[in-house]
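Enquirer: Data: target_7.txt, compact mmCIF, C-alpha atoms and all ligand atoms.
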```txt
# COMPACT_ATOMS: atom_id res chain seq x y z
CA MET A 1 -65.75 -4.10 18.86
CA LEU A 2 -62.59 -2.18 18.41
CA GLN A 3 -61.83 -2.14 22.09
CA GLU A 4 -62.21 -5.92 22.26
CA LYS A 5 -59.77 -6.43 19.39
CA ILE A 6 -57.23 -4.17 21.03
CA ALA A 7 -57.68 -5.97 24.34
CA ALA A 8 -57.19 -9.35 22.61
CA LEU A 9 -54.07 -8.08 20.91
CA PHE A 10 -52.66 -6.91 24.22
CA ILE A 11 -53.28 -10.27 25.83
CA LEU A 12 -51.56 -12.05 22.93
CA MET A 13 -48.64 -9.65 23.13
CA ILE A 14 -48.16 -10.63 26.74
CA ILE A 15 -48.81 -14.39 26.39
CA PHE A 16 -46.58 -14.96 23.35
CA PRO A 17 -43.45 -13.46 24.85
CA ILE A 18 -44.04 -15.34 28.10
CA ALA A 19 -44.30 -18.57 26.11
CA THR A 20 -40.79 -17.96 24.77
CA PHE A 21 -39.27 -17.36 28.22
CA GLY A 22 -36.15 -19.30 28.93
CA GLN A 23 -35.37 -20.14 25.32
CA GLY A 24 -32.65 -17.53 25.06
CA ASN A 25 -30.83 -18.95 28.05
CA ALA A 26 -30.88 -22.42 26.54
CA TYR A 27 -29.34 -21.27 23.26
CA GLN A 28 -25.64 -21.62 22.68
CA GLY A 29 -23.21 -20.03 20.24
CA GLU A 30 -24.70 -19.36 16.86
CA LYS A 31 -28.34 -19.39 17.96
CA LEU A 32 -27.75 -17.09 20.88
CA TYR A 33 -25.79 -14.78 18.62
CA GLU A 34 -28.57 -14.71 16.00
CA LEU A 35 -31.11 -14.03 18.71
CA LYS A 36 -29.35 -11.31 20.67
CA CYS A 37 -27.41 -9.63 17.91
CA GLY A 38 -29.90 -10.11 15.09
CA ARG A 39 -32.61 -8.09 16.79
CA CYS A 40 -31.96 -4.61 15.41
CA HIS A 41 -29.97 -5.50 12.30
CA PHE A 42 -29.11 -8.78 10.60
CA ALA A 43 -26.50 -10.71 12.54
CA TYR A 44 -23.28 -9.77 10.79
CA ASN A 45 -21.23 -12.53 9.20
CA PRO A 46 -18.83 -13.63 12.00
CA GLN A 47 -16.03 -13.69 9.45
CA LYS A 48 -16.42 -10.00 8.73
CA TYR A 49 -14.19 -9.03 11.67
CA SER A 50 -11.10 -10.39 13.36
CA PRO A 51 -11.26 -11.99 16.84
CA GLU A 52 -9.76 -8.80 18.28
CA GLU A 53 -12.31 -6.60 16.52
CA TRP A 54 -15.21 -8.76 17.74
CA LYS A 55 -14.06 -8.11 21.29
CA THR A 56 -14.42 -4.36 20.72
CA ILE A 57 -17.77 -4.75 18.96
CA VAL A 58 -19.33 -7.05 21.55
CA TYR A 59 -18.28 -4.68 24.35
CA GLU A 60 -19.83 -1.81 22.36
CA MET A 61 -23.05 -3.65 21.41
CA GLY A 62 -23.41 -5.79 24.53
CA PRO A 63 -25.18 -3.14 26.61
CA LEU A 64 -27.67 -2.63 23.76
CA SER A 65 -28.39 -6.35 23.66
CA GLY A 66 -28.96 -6.98 27.37
CA LEU A 67 -26.08 -9.44 27.67
CA ASN A 68 -25.02 -10.79 31.06
CA GLU A 69 -21.56 -12.13 31.80
CA LYS A 70 -22.49 -15.63 30.66
CA THR A 71 -24.27 -14.74 27.41
CA GLU A 72 -21.57 -12.23 26.52
CA LYS A 73 -18.93 -14.93 26.89
CA ILE A 74 -20.91 -17.43 24.81
CA ILE A 75 -21.38 -14.93 21.98
CA LEU A 76 -17.82 -13.66 22.05
CA ASP A 77 -16.38 -17.21 22.09
CA TYR A 78 -18.58 -18.16 19.16
CA LEU A 79 -17.66 -15.08 17.11
CA GLN A 80 -13.93 -15.35 17.82
CA GLN A 81 -13.88 -19.00 16.90
CA GLU A 82 -15.70 -18.42 13.61
CA ALA A 83 -13.58 -15.36 12.85
CA SER A 84 -10.34 -17.27 13.24
CA VAL A 85 -11.47 -19.65 10.48
CA LYS A 86 -11.39 -16.68 8.12
CA GLU A 87 -7.92 -15.78 9.29
CA LYS A 88 -6.78 -18.90 7.53
CA GLY A 89 -7.49 -17.08 4.28
CA GLU A 90 -11.20 -16.72 3.58
CA LEU A 91 -13.00 -13.73 2.10
CA PRO A 92 -14.30 -11.13 2.69
CA THR A 93 -11.41 -9.51 4.53
CA SER A 94 -11.85 -7.07 7.41
CA PRO A 95 -11.49 -3.48 6.24
CA VAL A 96 -8.01 -2.09 6.73
CA LEU A 97 -7.82 1.39 8.21
CA ALA A 98 -5.01 3.74 7.19
CA GLY A 99 -4.39 7.43 6.74
CA TYR A 100 -2.20 10.38 7.49
CA VAL A 101 -2.21 13.75 9.13
CA TYR A 102 0.16 16.67 8.70
CA THR A 103 0.57 20.23 9.80
CA GLU A 104 2.76 22.81 8.12
CA PHE A 105 4.20 26.21 8.80
CA PHE A 106 5.04 28.58 5.96
CA SER A 107 6.97 31.79 6.11
CA SER A 108 7.80 34.12 3.25
CA GLN A 109 8.19 37.88 2.74
CA GLY A 110 5.24 38.32 0.45
CA SER A 111 2.55 36.52 2.45
CA THR A 112 1.27 36.01 5.99
CA ASP A 113 3.21 33.45 8.02
CA THR A 114 0.82 30.65 8.76
CA PHE A 115 0.25 27.28 10.42
CA ASP A 116 -1.83 25.00 8.27
CA ILE A 117 -3.41 21.66 9.16
CA HIS A 118 -2.95 20.79 5.55
CA TYR A 119 -4.47 17.33 5.39
CA LEU A 120 -6.19 14.72 7.48
CA ASN A 121 -6.87 11.68 5.31
CA ILE A 122 -8.59 8.49 6.38
CA ALA A 123 -8.71 5.44 4.14
CA LEU A 124 -10.52 2.10 4.30
CA ALA A 125 -9.78 -0.80 2.01
CA GLY A 126 -10.64 -4.46 1.75
CA ARG A 127 -11.59 -7.35 -0.46
CA LEU A 128 -15.19 -8.54 -0.58
CA HIS A 129 -14.84 -11.26 -3.16
CA SER A 130 -11.99 -12.94 -5.02
CA LYS A 131 -12.88 -10.61 -7.91
CA LEU A 132 -13.70 -7.41 -6.06
CA SER A 133 -11.85 -5.08 -3.72
CA TYR A 134 -12.57 -1.50 -2.67
CA HIS A 135 -10.70 1.55 -1.50
CA VAL A 136 -12.24 4.69 -0.01
CA GLU A 137 -10.35 7.72 1.25
CA PHE A 138 -11.79 10.81 2.91
CA GLU A 139 -9.88 14.03 2.94
CA PHE A 140 -10.20 17.01 5.24
CA GLU A 141 -8.08 19.80 3.82
CA HIS A 142 -7.01 22.94 5.69
CA GLY A 143 -9.19 21.93 8.64
CA GLY A 144 -12.42 21.66 6.67
CA GLY A 145 -15.14 24.25 7.25
CA GLU A 146 -17.29 26.01 4.70
CA ALA A 147 -14.54 26.84 2.24
CA GLU A 148 -13.01 23.34 2.31
CA PRO A 149 -15.69 20.79 3.11
CA PRO A 150 -14.59 17.17 3.63
CA PHE A 151 -13.91 15.51 0.33
CA ILE A 152 -13.81 12.05 -1.16
CA GLU A 153 -10.24 11.71 -2.35
CA GLN A 154 -10.77 8.21 -3.72
CA ALA A 155 -13.74 5.83 -3.62
CA TYR A 156 -13.62 2.97 -6.06
CA MET A 157 -14.35 -0.69 -6.52
CA ASP A 158 -11.70 -2.69 -8.28
CA VAL A 159 -13.15 -5.49 -10.37
CA TRP A 160 -10.42 -8.08 -10.99
CA LEU A 161 -10.62 -9.65 -14.44
CA LEU A 162 -7.31 -11.46 -14.03
CA ARG A 163 -4.79 -11.65 -11.24
CA ASN A 164 -2.92 -8.68 -12.70
CA MET A 165 -5.69 -6.81 -14.47
CA GLY A 166 -8.51 -4.85 -12.86
CA ILE A 167 -11.04 -2.13 -13.60
CA LYS A 168 -11.39 0.65 -11.07
CA ILE A 169 -14.89 2.10 -11.06
CA GLY A 170 -15.54 5.29 -9.12
CA ALA A 171 -13.49 8.22 -7.88
CA ILE A 172 -9.79 7.72 -8.62
CA LEU A 173 -6.56 9.69 -8.57
CA THR A 174 -5.90 10.25 -12.27
CA PRO A 175 -2.89 8.27 -13.47
CA PHE A 176 -0.83 11.02 -15.07
CA ASN A 177 2.90 10.85 -14.31
CA ARG A 178 3.61 9.66 -10.77
CA PHE A 179 3.66 12.60 -8.46
CA ASP A 180 -0.11 12.65 -8.04
CA GLU A 181 -0.01 9.30 -6.25
CA PHE A 182 2.99 10.44 -4.21
CA HIS A 183 1.54 13.65 -2.79
CA GLY A 184 1.11 12.11 0.69
CA PRO A 185 3.60 13.36 3.30
CA LEU A 186 5.73 10.21 3.51
CA GLU A 187 5.90 9.76 -0.26
CA ASN A 188 6.62 13.41 -1.12
CA LEU A 189 10.12 13.90 0.29
CA LEU A 190 9.73 17.67 0.54
CA VAL A 191 7.06 19.86 2.11
CA THR A 192 6.03 21.61 -1.10
CA ARG A 193 4.97 20.02 -4.36
CA PRO A 194 6.83 20.66 -7.59
CA GLN A 195 5.12 23.68 -9.19
CA MET A 196 4.89 21.81 -12.49
CA SER A 197 2.97 18.93 -10.85
CA ARG A 198 0.58 21.39 -9.23
CA GLU A 199 -0.39 22.74 -12.64
CA ILE A 200 0.09 20.08 -15.33
CA GLY A 201 -1.21 16.64 -14.49
CA VAL A 202 -2.57 18.51 -11.49
CA SER A 203 -1.81 16.87 -8.15
CA ALA A 204 -4.10 15.92 -6.40
CA TRP A 205 -6.40 15.19 -9.31
CA LYS A 206 -9.49 13.29 -8.26
CA GLU A 207 -11.84 12.20 -11.03
CA VAL A 208 -14.84 9.96 -11.52
CA GLY A 209 -14.79 7.33 -14.22
CA ILE A 210 -13.32 3.95 -15.05
CA ASN A 211 -9.69 2.88 -15.24
CA LEU A 212 -8.36 -0.36 -16.66
CA HIS A 213 -5.04 -1.11 -14.98
CA GLY A 214 -2.57 -3.91 -14.56
CA ASN A 215 0.88 -5.36 -15.14
CA ILE A 216 2.37 -7.37 -17.95
CA PHE A 217 5.35 -9.51 -16.93
CA ILE A 218 8.09 -9.83 -19.47
CA HIS A 219 10.82 -11.20 -17.25
CA ASP A 220 11.28 -11.70 -13.49
CA ASP A 221 13.15 -8.39 -13.44
CA PHE A 222 11.08 -6.48 -15.97
CA TYR A 223 7.40 -5.67 -16.22
CA LEU A 224 5.10 -3.11 -17.76
CA ASN A 225 2.52 -1.27 -15.70
CA TYR A 226 -0.44 0.27 -17.55
CA ASP A 227 -3.51 2.42 -16.93
CA ALA A 228 -6.13 3.41 -19.51
CA TYR A 229 -9.06 5.50 -18.38
CA VAL A 230 -12.22 7.40 -19.34
CA ILE A 231 -13.21 10.16 -16.90
CA ASN A 232 -15.26 13.34 -16.68
CA GLY A 233 -12.10 15.36 -17.29
CA LEU A 234 -10.82 18.83 -16.53
CA GLY A 235 -13.23 21.74 -17.00
CA SER A 236 -13.21 25.47 -17.54
CA GLY A 237 -11.42 26.88 -14.48
CA SER A 238 -9.43 30.09 -14.57
CA ARG A 239 -6.28 27.95 -14.99
CA LEU A 240 -5.40 24.27 -15.24
CA ARG A 241 -5.22 23.74 -11.51
CA SER A 242 -8.63 25.23 -10.89
CA SER A 243 -10.23 23.25 -13.70
CA ARG A 244 -10.32 20.08 -11.62
CA GLN A 245 -13.94 19.05 -11.10
CA TYR A 246 -15.85 16.00 -9.94
CA ARG A 247 -18.86 16.39 -12.20
CA ASP A 248 -18.69 17.32 -15.85
CA ASN A 249 -19.27 20.65 -17.57
CA ASN A 250 -19.84 19.12 -21.02
CA ASP A 251 -20.94 15.90 -22.71
CA ALA A 252 -17.48 15.07 -23.99
CA LYS A 253 -15.63 12.53 -21.88
CA SER A 254 -11.86 12.65 -21.47
CA PHE A 255 -9.47 9.77 -21.84
CA GLY A 256 -5.85 8.99 -21.21
CA PHE A 257 -3.28 6.38 -20.43
CA ARG A 258 -0.01 5.83 -18.60
CA LEU A 259 2.53 3.18 -19.48
CA SER A 260 5.58 2.54 -17.30
CA SER A 261 8.32 -0.04 -17.35
CA VAL A 262 9.72 -1.29 -14.08
CA ILE A 263 13.21 -2.75 -14.10
CA THR A 264 14.64 -4.76 -11.18
CA ASP A 265 12.09 -2.93 -8.96
CA ARG A 266 14.64 -0.13 -8.69
CA TRP A 267 13.99 1.83 -11.85
CA GLU A 268 10.72 2.99 -13.35
CA ALA A 269 10.32 5.03 -16.52
CA GLY A 270 6.97 5.95 -18.00
CA ALA A 271 4.92 8.12 -20.33
CA SER A 272 1.42 9.57 -19.86
CA TYR A 273 -1.16 11.11 -22.16
CA TYR A 274 -4.48 12.87 -21.57
CA ARG A 275 -7.03 14.47 -23.88
CA GLY A 276 -10.48 15.96 -23.40
CA ALA A 277 -12.61 19.03 -24.10
CA TRP A 278 -12.40 21.64 -21.35
CA ASP A 279 -15.05 24.23 -22.31
CA ASP A 280 -18.76 24.02 -21.52
CA ASP A 281 -19.71 23.36 -25.16
CA GLY A 282 -17.19 20.54 -25.48
CA ASN A 283 -15.40 21.94 -28.55
CA LEU A 284 -12.01 23.07 -27.24
CA ASN A 285 -9.52 20.37 -26.44
CA LEU A 286 -6.98 20.20 -23.69
CA SER A 287 -4.20 17.70 -24.15
CA MET A 288 -1.28 16.84 -21.91
CA TYR A 289 1.62 14.48 -22.07
CA GLY A 290 4.34 13.69 -19.62
CA PHE A 291 7.32 11.49 -18.73
CA HIS A 292 8.52 10.28 -15.38
CA LEU A 293 11.59 8.53 -14.04
CA LEU A 294 12.05 6.97 -10.62
CA GLY A 295 15.21 5.41 -9.26
CA LYS A 296 15.89 3.84 -5.89
CA ILE A 297 19.31 2.42 -5.33
CA GLY A 298 20.05 1.67 -1.69
CA ALA A 299 19.62 4.88 0.26
CA PHE A 300 19.73 7.01 -2.86
CA ASN A 301 16.49 8.21 -4.41
CA LEU A 302 16.00 9.95 -7.75
CA PHE A 303 12.74 11.34 -9.14
CA ALA A 304 12.17 13.39 -12.28
CA GLU A 305 9.14 14.39 -14.30
CA TYR A 306 8.36 16.43 -17.38
CA ALA A 307 4.91 17.51 -18.56
CA ARG A 308 3.45 19.66 -21.29
CA SER A 309 -0.09 20.84 -21.91
CA THR A 310 -1.81 22.53 -24.81
CA SER A 311 -5.28 23.96 -24.56
CA GLU A 312 -7.26 25.21 -27.54
CA ASN A 313 -8.85 28.63 -27.22
CA PRO A 314 -11.69 30.18 -29.23
CA ILE A 315 -10.46 31.58 -32.57
CA PRO A 316 -8.58 33.93 -32.94
CA ILE A 317 -6.95 33.54 -29.52
CA GLU A 318 -3.80 31.49 -29.63
CA GLU A 319 -3.46 28.18 -27.80
CA GLY A 320 -2.55 28.12 -24.13
CA LYS A 321 0.67 26.26 -23.45
CA ALA A 322 2.43 25.13 -20.33
CA ASP A 323 5.42 22.97 -19.72
CA GLY A 324 7.81 22.22 -16.89
CA TYR A 325 9.98 19.67 -15.26
CA PHE A 326 11.55 18.81 -11.96
CA ILE A 327 14.49 16.71 -10.93
CA GLN A 328 14.94 15.60 -7.35
CA ALA A 329 17.70 13.72 -5.58
CA SER A 330 17.71 12.49 -2.02
CA TYR A 331 19.81 10.33 0.29
CA LEU A 332 18.70 8.59 3.46
CA VAL A 333 21.41 8.73 6.14
CA GLU A 334 21.28 6.03 8.84
CA GLY A 335 17.53 5.62 8.22
CA LYS A 336 16.99 8.88 10.18
CA PHE A 337 18.00 11.93 8.17
CA ARG A 338 17.16 12.68 4.59
CA PRO A 339 18.65 15.65 2.75
CA THR A 340 16.81 16.36 -0.50
CA VAL A 341 17.36 18.80 -3.33
CA ARG A 342 14.88 19.54 -6.08
CA TYR A 343 15.08 21.89 -9.01
CA GLY A 344 11.88 22.64 -10.89
CA THR A 345 10.50 24.92 -13.58
CA LEU A 346 7.12 25.91 -14.92
CA ASP A 347 6.43 28.05 -17.98
CA TYR A 348 2.78 28.82 -18.28
CA PHE A 349 1.19 30.85 -21.04
CA ASP A 350 -2.53 31.33 -21.67
CA ALA A 351 -3.83 34.38 -23.52
CA ALA A 352 -7.51 33.51 -23.13
CA ASN A 353 -9.62 35.82 -21.10
CA LEU A 354 -12.85 34.55 -22.56
CA LEU A 355 -14.75 31.69 -20.96
CA GLY A 356 -13.57 32.64 -17.51
CA ARG A 357 -9.88 31.88 -18.08
CA SER A 358 -7.38 34.33 -16.68
CA PRO A 359 -4.65 35.54 -19.02
CA ARG A 360 -1.35 34.31 -17.71
CA ASP A 361 2.28 34.37 -18.73
CA THR A 362 4.49 33.15 -15.91
CA HIS A 363 7.91 31.57 -15.69
CA THR A 364 9.09 30.14 -12.40
CA LYS A 365 12.23 28.35 -11.32
CA ILE A 366 12.51 26.98 -7.82
CA THR A 367 15.39 25.29 -6.06
CA ALA A 368 14.13 23.49 -2.96
CA LEU A 369 16.52 22.30 -0.23
CA GLY A 370 15.11 19.98 2.37
CA LEU A 371 16.13 18.06 5.44
CA ASN A 372 13.85 15.44 6.99
CA TYR A 373 14.14 13.71 10.33
CA TYR A 374 12.33 10.38 10.68
CA LEU A 375 11.39 9.45 14.22
CA THR A 376 10.12 6.18 12.76
CA ARG A 377 9.41 5.21 9.18
CA ALA A 378 5.91 6.63 9.60
CA ILE A 379 6.67 9.88 11.46
CA VAL A 380 8.59 12.68 9.83
CA PHE A 381 9.61 16.23 10.62
CA LYS A 382 10.61 18.29 7.58
CA LEU A 383 12.46 21.51 7.08
CA GLU A 384 12.60 23.11 3.64
CA TYR A 385 13.99 26.28 2.15
CA ASP A 386 12.95 27.32 -1.37
CA ILE A 387 15.00 29.69 -3.46
CA ILE A 388 12.48 31.16 -5.87
CA GLN A 389 13.76 33.03 -8.89
CA ASP A 390 12.00 36.40 -9.27
CA GLY A 391 9.95 35.73 -6.15
CA ASP A 392 10.10 35.67 -2.36
CA ASN A 393 12.00 32.78 -0.86
CA LEU A 394 10.00 30.41 1.30
CA LEU A 395 10.63 28.61 4.57
CA ALA A 396 8.41 25.58 5.16
CA LEU A 397 8.12 23.17 8.09
CA GLN A 398 6.04 20.04 8.29
CA ALA A 399 5.20 17.42 10.91
CA ALA A 400 3.52 14.34 9.48
CA ALA A 401 2.42 10.89 10.58
CA ARG A 402 0.92 7.93 8.80
CA PHE A 403 -1.31 5.56 10.72
C1 LIG B 501 -30.65 -2.28 20.24
C2 LIG B 501 -30.25 -2.51 18.86
C3 LIG B 501 -28.96 -3.28 18.60
C4 LIG B 501 -28.60 -4.51 19.13
C5 LIG B 501 -29.35 -5.40 20.06
C6 LIG B 501 -27.29 -4.81 18.53
N1 LIG B 501 -26.92 -3.81 17.69
FE1 LIG B 501 -25.26 -3.79 16.54
N2 LIG B 501 -25.78 -1.96 15.82
C7 LIG B 501 -26.90 -1.26 16.17
C8 LIG B 501 -26.88 0.03 15.51
C9 LIG B 501 -27.92 1.11 15.63
C10 LIG B 501 -25.69 0.04 14.73
C11 LIG B 501 -25.18 1.16 13.87
C12 LIG B 501 -24.25 1.97 14.73
C13 LIG B 501 -23.77 3.19 14.05
O1 LIG B 501 -23.80 3.23 12.82
O2 LIG B 501 -23.27 4.04 14.77
C14 LIG B 501 -25.04 -1.23 14.92
C15 LIG B 501 -23.87 -1.60 14.30
C16 LIG B 501 -23.25 -2.81 14.46
C17 LIG B 501 -22.07 -3.24 13.75
C18 LIG B 501 -21.37 -2.44 12.66
C19 LIG B 501 -20.13 -1.79 13.21
C20 LIG B 501 -20.40 -0.58 14.04
O3 LIG B 501 -19.90 -0.52 15.17
O4 LIG B 501 -21.10 0.34 13.55
C21 LIG B 501 -21.75 -4.46 14.19
C22 LIG B 501 -20.59 -5.33 13.74
C23 LIG B 501 -22.72 -4.82 15.21
N3 LIG B 501 -23.63 -3.78 15.32
C24 LIG B 501 -22.68 -5.98 15.92
C25 LIG B 501 -23.58 -6.30 16.91
C26 LIG B 501 -23.44 -7.43 17.81
C27 LIG B 501 -22.28 -8.40 17.79
C28 LIG B 501 -24.51 -7.40 18.62
C29 LIG B 501 -24.79 -8.35 19.73
C30 LIG B 501 -23.86 -8.36 20.83
C31 LIG B 501 -25.33 -6.26 18.24
N4 LIG B 501 -24.72 -5.61 17.22
C32 LIG B 501 -26.57 -5.93 18.82
C33 LIG B 501 -27.91 -1.67 17.00
C34 LIG B 501 -27.91 -2.85 17.71
```
What does the file become when written as structure tokens?
Ligand code: HEC

Expert:
Amino acid sequence: MLQEKIAALFILMIIFPIATFGQGNAYQGEKLYELKCGRCHFAYNPQKYSPEEWKTIVYEMGPLSGLNEKTEKIILDYLQQEASVKEKGELPTSPVLAGYVYTEFFSSQGSTDTFDIHYLNIALAGRLHSKLSYHVEFEFEHGGGEAEPPFIEQAYMDVWLLRNMGIKIGAILTPFNRFDEFHGPLENLLVTRPQMSREIGVSAWKEVGINLHGNIFIHDDFYLNYDAYVINGLGSGSRLRSSRQYRDNNDAKSFGFRLSSVITDRWEAGASYYRGAWDDDGNLNLSMYGFHLLGKIGAFNLFAEYARSTSENPIPIEEGKADGYFIQASYLVEGKFRPTVRYGTLDYFDAANLLGRSPRDTHTKITALGLNYYLTRAIVFKLEYDIIQDGDNLLALQAAARF
């Protein structure tokens, strides 16, 4: 019995395909595409990619699909024609690829001279719907490996409620002051980061949560930019910088906001606030506030930030406190050379040695002198010398490209 059924099945499996012989060759455009390219996965929406991208994809997938010269041309013509309809403005958009890579060299008396492939970041972004866009960014820091596995720097959907108001949902860079968003190598005009931004407001501070953001226009030359967020928040690291975390160590959520005013697109001044419990039980609060100022007048560039943090400790230990500022001025000469000077301070005090926090009482002042050479707007070579009060001076070099 069983053998007969199997034999019958075999015969059907041979007859049915033979009965469909020739159909594929008769199909044109859409049908041929659905047939050949819809075999292993659904046939992707032709508007998902640009005509140029379809060329790459069909050459990649063609050999898998058994295309000959004729069928390949029919499918490619069909896809390119459909794709160019989208180029007249339809959604979803093709993902945009961007990123940066940079390598540094550091030399100072007190530590080993070292080359460092500091970051390789790759980002993808696009719009899937008139009300939804996305942005994902992968980060490989210090070459990856066990100690620094690849990381998700940002990965969020932006749900657009209005043209100028959206909610980011996912992993975001926390909007506290501005430096955090400017830590990329073309945005940060020096090699090093201001020591205050490394510790308070904590560049690069990736968090998971939701962030309502947008602009309010008051005049053609004046608008307000706002962010208001709820996130997992900083945890119980040995210091502020090491208390960044993706998950949460307590039930208490943290919240914050940033409000900036932008005048004539040349000046921006803003204030930021953050508050949330840092300990595992969720009883001890950490709060931070900050101010930032950005100015861009012709080739001249000014950037200054101040931040202060207070973190409650278990009684009777006194509160931890940190504050600092930096002020940076830069001038772009002939679009090629950029001398920059930055002066920055950080005063950091934390007496707690309970709960895994290290006691700390440090005061640093750094004057950083930099000179950048731009081969193009997206390729930079930097040279920096830091004069560090009560510490070893530092020489830093960086080669960076954005793609
Ligand atoms: C034999 C099975 C097979 C056939 C036939 C096939 N694909 Fe694919 N396709 C795949 C697989 C598997 C992936 C996922 C590749 C990966 O993730 O590395 C894929 C991925 C894709 C992607 C996503 C982008 C990418 O490169 O990962 C597109 C677009 C695509 N195929 C288009 C096509 C087109 C157009 C055709 C027809 C010319 C086709 N495919 C035929 C197996 C197939």

Enquirer: Quick one: distance from atom CA of A:Asp116 to atom CA of A:Gln398 in Å, one decimal?

Expert: 9.3 Å

Enquirer: Which residues form the shell of 10 Å around ligand LIG 501 (chain B) when you count only C-alpha atoms and all ligand atoms, given as number ranges by chain?

Expert: A: 32-46, 48-49, 53-67, 71-72, 75-76, 79

Enquirer: So what do you get for atom CA of A:Leu189 versus atom CA of A:Tyr100, distance-wise?

Expert: 14.7 Å

Enquirer: Identify the residues within 12 Å of coordinate (-7.7, 34.0, -17.4) (same frame as the file), considering only C-alpha atoms, and give the answer as number ranges by chain.

Expert: A: 236-240, 242-243, 313, 320, 348-361

Enquirer: Write out as a ChimeraX atom specification the residues lying within 12 Å of A:Arg342, counting all atoms listed in the file and excluding same-chain residues fewer than 4 positions away.

Expert: /A:188-195,301-305,325-330,365-371,384-388

Enquirer: Residues near A:Arg266, anyone? I mean within 7 Å using only C-alpha atoms, not counting same-chain ones fewer than 5 positions away, as a CSV table (one decimal) with C-alpha atoms, in the frame of the given file.

Expert:
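And here's result-v9.csv as it stands now:
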```csv
chain,number,residue,atom,x,y,z
A,295,GLY,CA,15.2,5.4,-9.3
A,296,LYS,CA,15.9,3.8,-5.9
A,297,ILE,CA,19.3,2.4,-5.3
```

Enquirer: In Å, how far is it from atom CA of A:His363 to atom CA of A:Tyr306?

Expert: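 Atom-to-atom, atom CA of A:His363 and atom CA of A:Tyr306 are spaced 15.2 Å apart.
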
Enquirer: Which residue out of A:Phe105, A:Tyr343, A:Tyr223, A:Phe217 has the minimum interatomic distance to A:Lys382 when all atoms listed in the file are used?

Expert: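 Closest to A:Lys382, using all atoms listed in the file: A:Phe105.
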
Enquirer: If the box runs along x, y and z of the file and leaves 4 Å on each side of stretch 343-349 of chain A, what are its centre and edge lengths in Å, one decimal, as JSON?

Expert:
```
{"center_x": 8.1, "center_y": 26.4, "center_z": -15.0, "size_x": 21.9, "size_y": 17.0, "size_z": 20.0}
```

Enquirer: Any idea what's packed within 6 Å of A:Pro150, counting only C-alpha atoms, ignoring anything in its chain fewer than 6 positions away? Could you give it as a PyMOL selection string?

Expert: chain A and resi 139-140+144

Enquirer: List as a PyMOL selection string: which residues have an atom within 7 Å of (-13.5, -0.4, -3.0), counting all atoms listed in the file?

Expert: chain A and resi 125-126+133-136+155-158

Enquirer: Nearest to A:Phe403 among A:Asn121, A:Ser84, A:Thr93, A:Ser260, with distances taken over all atoms listed in the file: which residue is it?

Expert: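 Answer, going by the shortest atom-to-atom distance: A:Asn121.
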
Enquirer: Which one is closest to A:Ile379: A:Ile6, A:Leu186, A:Ala98, A:Ile210? Count all atoms listed in the file.

Expert: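 Going through A:Ile6, A:Leu186, A:Ala98, A:Ile210 one by one, the smallest distance to A:Ile379 is for A:Leu186.
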
Enquirer: Name the closest residue to A:Tyr274 among the candidates A:Val208, A:Ala83, A:Ile200, A:Ala299; distances are taken between atoms, counting only C-alpha atoms.

Expert: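 Closest residue, counting only C-alpha atoms: A:Ile200.
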
Enquirer: Of the candidates A:Ile172, A:Ala271, A:Ala277, A:Leu212, which one gets nearest to A:Ala228 if we count all atoms listed in the file?

Expert: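 Residue with the minimum atom-to-atom distance to A:Ala228: A:Leu212.
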
Enquirer: Go through A:Ser261, A:Gln109, A:Thr364, A:Ser130 and flag the residue nearest A:Gly166, using all atoms listed in the file for the distances.

Expert: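 Comparing A:Ser261, A:Gln109, A:Thr364, A:Ser130 against A:Gly166, the winner is A:Ser130.
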